[in-house]
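Asks: Take a look at this one; I'll ask things after.
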Amino acid sequence: MKVPLLDLKRQYREIEREVMEAAQDVFRTQMFILGPRVSEFEALVAQYCGTGYAVGVSSGTDALLISLMAAGVGHNDLVVTTPYTFFATGGAIARLGARPVFVDIDPDTYNMDARLFAETVGALDDDQRSRLKAVIPVHLYGQCAHMAPILETARTHGLAVIEDAAQAIGSEYAFADGNVKRAGAMGDYGCFSFFPSKNLGAFGDAGMVTTGNKAIFEHLKVLRVHGAEPKYYHDLIGGNFRLDALQAAILSVKIPLLDAWSERRQANAALYRSLFQDKGPASISLPEEREHRHIYNQFVIRVAQERDDLKAYLGRKGIGCEIYYPVPLHMQACFKYLGYEAEDFPVSMEAAEKTLALPIFPELTTEEIVYVVDIISEYFKSK
C-alpha cells in the first residue's frame with residue numbers, strides 16, 4: 001500500500017465543479033488583481049477568525065513582512081521569535097534589517113516557551129530594550145502558542161504582537177476567564193498562509209493579515225499597493241503584496257468546508273492515538289493537545305531513537321513522511337552572524353533531531369492510518 005503525506009487530488013475531486021465555476025467567473029470579469037472577489041474573501045476570513053478586519057496578501061511570507069513593516073520594524077531593531085519554525089518567520093525579520101532574537105520552545109507543543117520569552121526580554125540591556133519592537137509567536141502544526149503570558153509580557157514592554165498563524169487557521173486558545181479566541185485574533189496582527197498544503201490551501205501562493213484595529217487595517221491596505229494612497233501618490237514605501245482575485249475566488253469556495261476538513265483531521269489524529277496505544281512502541285511520543293482546539297496541519301511524533309532510519313523504512317514501505325524542521329533557524333548558515341551556538345536552544349535542536357510528521361490530511365482512510373501504525377510497529381519489533 002502507498003500512503004502519501006498529502007494528496008490534494010482527493011480534495012479537488014470533492015469541489016471540482018464549484019472551483020471551476022468560481023474560476024470561470026473570474027475569467028469572465030477579467031478582474032484579476034484585488035477587486036470584489038478579494039474583498040468578499042477578506043470578509044469571510046475576518047468573520048471566521050473573529051477579527052474585525054482582514055487584508056489579502058500575496059503569501060504567508062508577505063503577510064509577516066507587511067505586518068512587520070506596519071509595526072514600524074526596521075534597521076537594527078529587535079524582534080523575538082522561536083528558532084523552530086519555517087524559515088519565513090526569521091527571514092521576514094532579517095529582510096527589514098532587523099535582528100531576530102530567538103527563544104526556545106516548549107518540548108511538548110513546539111511553540112514558544114512563554115516563561116523563556118519573559119526571561120529573555122527581562123535580560124536585555126537598556127539599549128537592546130529600546131530597539132525591541134515586536135514578538136512573533138508561532139502557532140506551529142495547528143495549535144496555538146500559550147498566548148496569555150506572551151501577551152502579558154508583550155504589553156508590559158510595549159511590543160507589537162504578530163501571530164504567525166500560517167499553519168493554524170481555525171485553531172483556538174482559551175483564556176483563564178473562559179474567553180476563547182481563534183488564531184489571528186489575539187495579537188495586533190494575525191498572519192496566515194494559504195499555500196496549497198495548508199488546511200485552507202489556494203491553487204498557488206496566497207496569504208492574509210487579520211487585525212481588530214481599523215487604523216492598522218487601513219495602513220496594511222496602503223502598504224500592499226506600494227504605499228500608494230491615492231493611486232500614484234506615495235507617502236509610504238510599501239510593496240506589491242496584493243492577493244490575486246483567482247486565488248480569493250477559489251479560497252471562498254473552500255472556506256465553508258474548512259471546519260469539516262479540520263474535524264476529519266482531528267478524527268484521524270484520534271485514530272492514530274488509539275492505534276498507537278494498542279500497537280505503538282514506547283519510544284514514540286504523540287502530539288500533545290494542550291490548547292482549546294488543535295486543527296492538525298501536521299501530525300508530528302517524537303521518535304526517541306533512530307528517527308532517520310524509521311523515516312527511510314517508511315519510505316521503502318510507500319508511506320510519505322517529512323521532517324519539520326531539520327535545521328533550526330539559529331543553525332542556518334545565513335543566520336551565523338547572530339552568534340548563536342547549537343546548545344543555546346536545546347529543545348529546538350532535539351525537536352529537529354527526533355520529530356517526524358505522518359500523513360494526517362482529511363481524506364486519509366482508516367485503512368491507510370492502520371497501515372502506517374502497523375509499519376511503524378513492525379519497524380520497532382524488528383529491532
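Residue names in the C-alpha cells use chain letters A, B, ... in the order shown, residue numbers from 1 in each chain, and ligand numbers from 1 in the order shown.
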As a ChimeraX atom specification, please: every residue in region 111-353 of chain A that a backbone DSSP assignment puts in strand (DSSP E or B).
Replies: /A:112,132-135,138,160-164,172-174,180-182,189-193,207-211,225,228,234,240,242,244,284-285,293,299-303,319,322
Asks: List the neighbours of Asp25 (chain A) out to 10 Å using only C-alpha atoms; skip same-chain residues closer than 4 positions along the sequence, and give me the result as a list in words.
Replies: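 Contacts, in chain order: Val19, Met20, Glu21, Thr29, Gln30, Met31, Arg37, Leu246 and Ala249 of chain A.
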Asks: Which polymer residues have any atom within 10 Å of an atom of Val79 (chain A), counting only C-alpha atoms, with same-chain residues fewer than 3 positions away left out, as a PyMOL selection string?
Replies: chain A and resi 68+73-74+76+90+93-94+98-102+131-136+159-161
Asks: Please dump the current selection as a short mmCIF file (atom, residue, chain, number, x, y, z; two decimals), in the first residue's frame; keep N, CA and C atoms.
Replies:
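Output file part_22.cif follows:
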data_model
loop_
_atom_site.label_atom_id
_atom_site.label_comp_id
_atom_site.auth_asym_id
_atom_site.auth_seq_id
_atom_site.Cartn_x
_atom_site.Cartn_y
_atom_site.Cartn_z
N LEU A 68 5.28 43.34 9.86
CA LEU A 68 6.47 43.94 10.47
C LEU A 68 6.66 45.37 9.99
N VAL A 73 8.89 48.13 12.20
CA VAL A 73 10.17 47.43 12.40
C VAL A 73 11.11 47.76 11.25
N GLY A 74 12.34 48.10 11.60
CA GLY A 74 13.31 48.47 10.57
C GLY A 74 14.73 48.15 11.00
N ASN A 76 18.19 47.56 12.46
CA ASN A 76 18.79 47.45 13.79
C ASN A 76 17.77 47.23 14.91
N GLY A 90 11.79 33.96 10.53
CA GLY A 90 13.02 34.71 10.77
C GLY A 90 13.46 35.51 9.56
N ILE A 93 11.98 39.04 9.28
CA ILE A 93 12.63 39.99 10.20
C ILE A 93 13.93 40.50 9.60
N ALA A 94 14.76 39.58 9.13
CA ALA A 94 16.08 39.96 8.61
C ALA A 94 15.98 40.80 7.34
N ALA A 98 16.26 44.16 10.49
CA ALA A 98 16.12 43.92 11.94
C ALA A 98 16.84 42.63 12.31
N ARG A 99 16.91 42.38 13.60
CA ARG A 99 17.67 41.24 14.11
C ARG A 99 16.76 40.30 14.88
N PRO A 100 16.68 39.04 14.47
CA PRO A 100 15.88 38.08 15.27
C PRO A 100 16.54 37.79 16.62
N VAL A 101 15.72 37.75 17.64
CA VAL A 101 16.14 37.30 18.96
C VAL A 101 15.36 36.03 19.24
N PHE A 102 16.05 34.91 19.37
CA PHE A 102 15.38 33.63 19.46
C PHE A 102 15.11 33.23 20.91
N ARG A 131 15.45 48.96 21.38
CA ARG A 131 15.34 48.54 19.98
C ARG A 131 14.38 47.38 19.77
N LEU A 132 13.85 46.84 20.86
CA LEU A 132 12.93 45.71 20.77
C LEU A 132 11.54 46.20 20.37
N LYS A 133 11.03 45.71 19.23
CA LYS A 133 9.80 46.26 18.68
C LYS A 133 8.63 45.28 18.65
N ALA A 134 8.90 43.99 18.55
CA ALA A 134 7.78 43.06 18.32
C ALA A 134 8.15 41.65 18.76
N VAL A 135 7.12 40.83 18.89
CA VAL A 135 7.30 39.40 19.13
C VAL A 135 6.43 38.66 18.13
N ILE A 136 6.96 37.57 17.58
CA ILE A 136 6.21 36.71 16.67
C ILE A 136 6.08 35.32 17.27
N LEU A 159 5.40 45.86 23.10
CA LEU A 159 5.76 45.18 21.85
C LEU A 159 4.53 44.89 21.00
N ALA A 160 4.67 45.07 19.71
CA ALA A 160 3.64 44.60 18.78
C ALA A 160 3.63 43.08 18.79
N VAL A 161 2.45 42.48 18.76
CA VAL A 161 2.31 41.02 18.73
C VAL A 161 1.83 40.61 17.35
#
Asks: Output as a tab-separated table one row per residue of region 150-200 of chain A within 10 Å of region 50-59 of chain A: the closest atom pair and its distance in Å to one decimal place, counting only C-alpha atoms, sorted by chain and residue number ascending.
Replies:
residue	atom	partner	partner_atom	distance
A:Ala166	CA	A:Ser59	CA	9.6
A:Gly170	CA	A:Gly50	CA	9.7
A:Lys181	CA	A:Gly50	CA	7.4
A:Arg182	CA	A:Gly50	CA	6.8
A:Ala183	CA	A:Gly50	CA	9.0
A:Gly184	CA	A:Thr51	CA	7.6
A:Ala185	CA	A:Thr51	CA	5.5
A:Met186	CA	A:Thr51	CA	8.9
A:Tyr189	CA	A:Ala54	CA	9.5
A:Gly190	CA	A:Ala54	CA	8.9
A:Cys191	CA	A:Ser59	CA	9.4
A:Phe192	CA	A:Ser59	CA	8.0
A:Ser193	CA	A:Ser59	CA	5.9
A:Phe194	CA	A:Ser59	CA	7.1
A:Phe195	CA	A:Ser59	CA	7.4
Asks: Go ahead and write the residues just picked, C-alpha atoms, as a JSON list (two decimals), in the first residue's frame.
Replies:
[["chain", "number", "residue", "atom", "x", "y", "z"],
["A", 166, "ALA", "CA", 0.37, 30.18, 8.86],
["A", 170, "GLY", "CA", -9.31, 27.85, 12.97],
["A", 181, "LYS", "CA", -10.24, 33.26, 20.67],
["A", 182, "ARG", "CA", -9.08, 31.93, 17.35],
["A", 183, "ALA", "CA", -5.58, 32.19, 15.96],
["A", 184, "GLY", "CA", -5.07, 35.61, 14.43],
["A", 185, "ALA", "CA", -7.50, 37.32, 16.82],
["A", 186, "MET", "CA", -5.26, 37.70, 19.88],
["A", 189, "TYR", "CA", -1.65, 41.15, 13.56],
["A", 190, "GLY", "CA", -2.51, 37.59, 12.51],
["A", 191, "CYS", "CA", -0.55, 36.18, 9.58],
["A", 192, "PHE", "CA", -1.94, 33.32, 7.50],
["A", 193, "SER", "CA", -0.62, 31.27, 4.62],
["A", 194, "PHE", "CA", -2.84, 29.65, 2.02],
["A", 195, "PHE", "CA", -0.01, 27.65, 0.45]]
Asks: Choose the residue, out of A:Glu18, A:Glu288, A:Asp344, A:Glu367, that has the smallest atom-to-atom separation from Met331 (chain A); count only C-alpha atoms.
Replies: A:Asp344
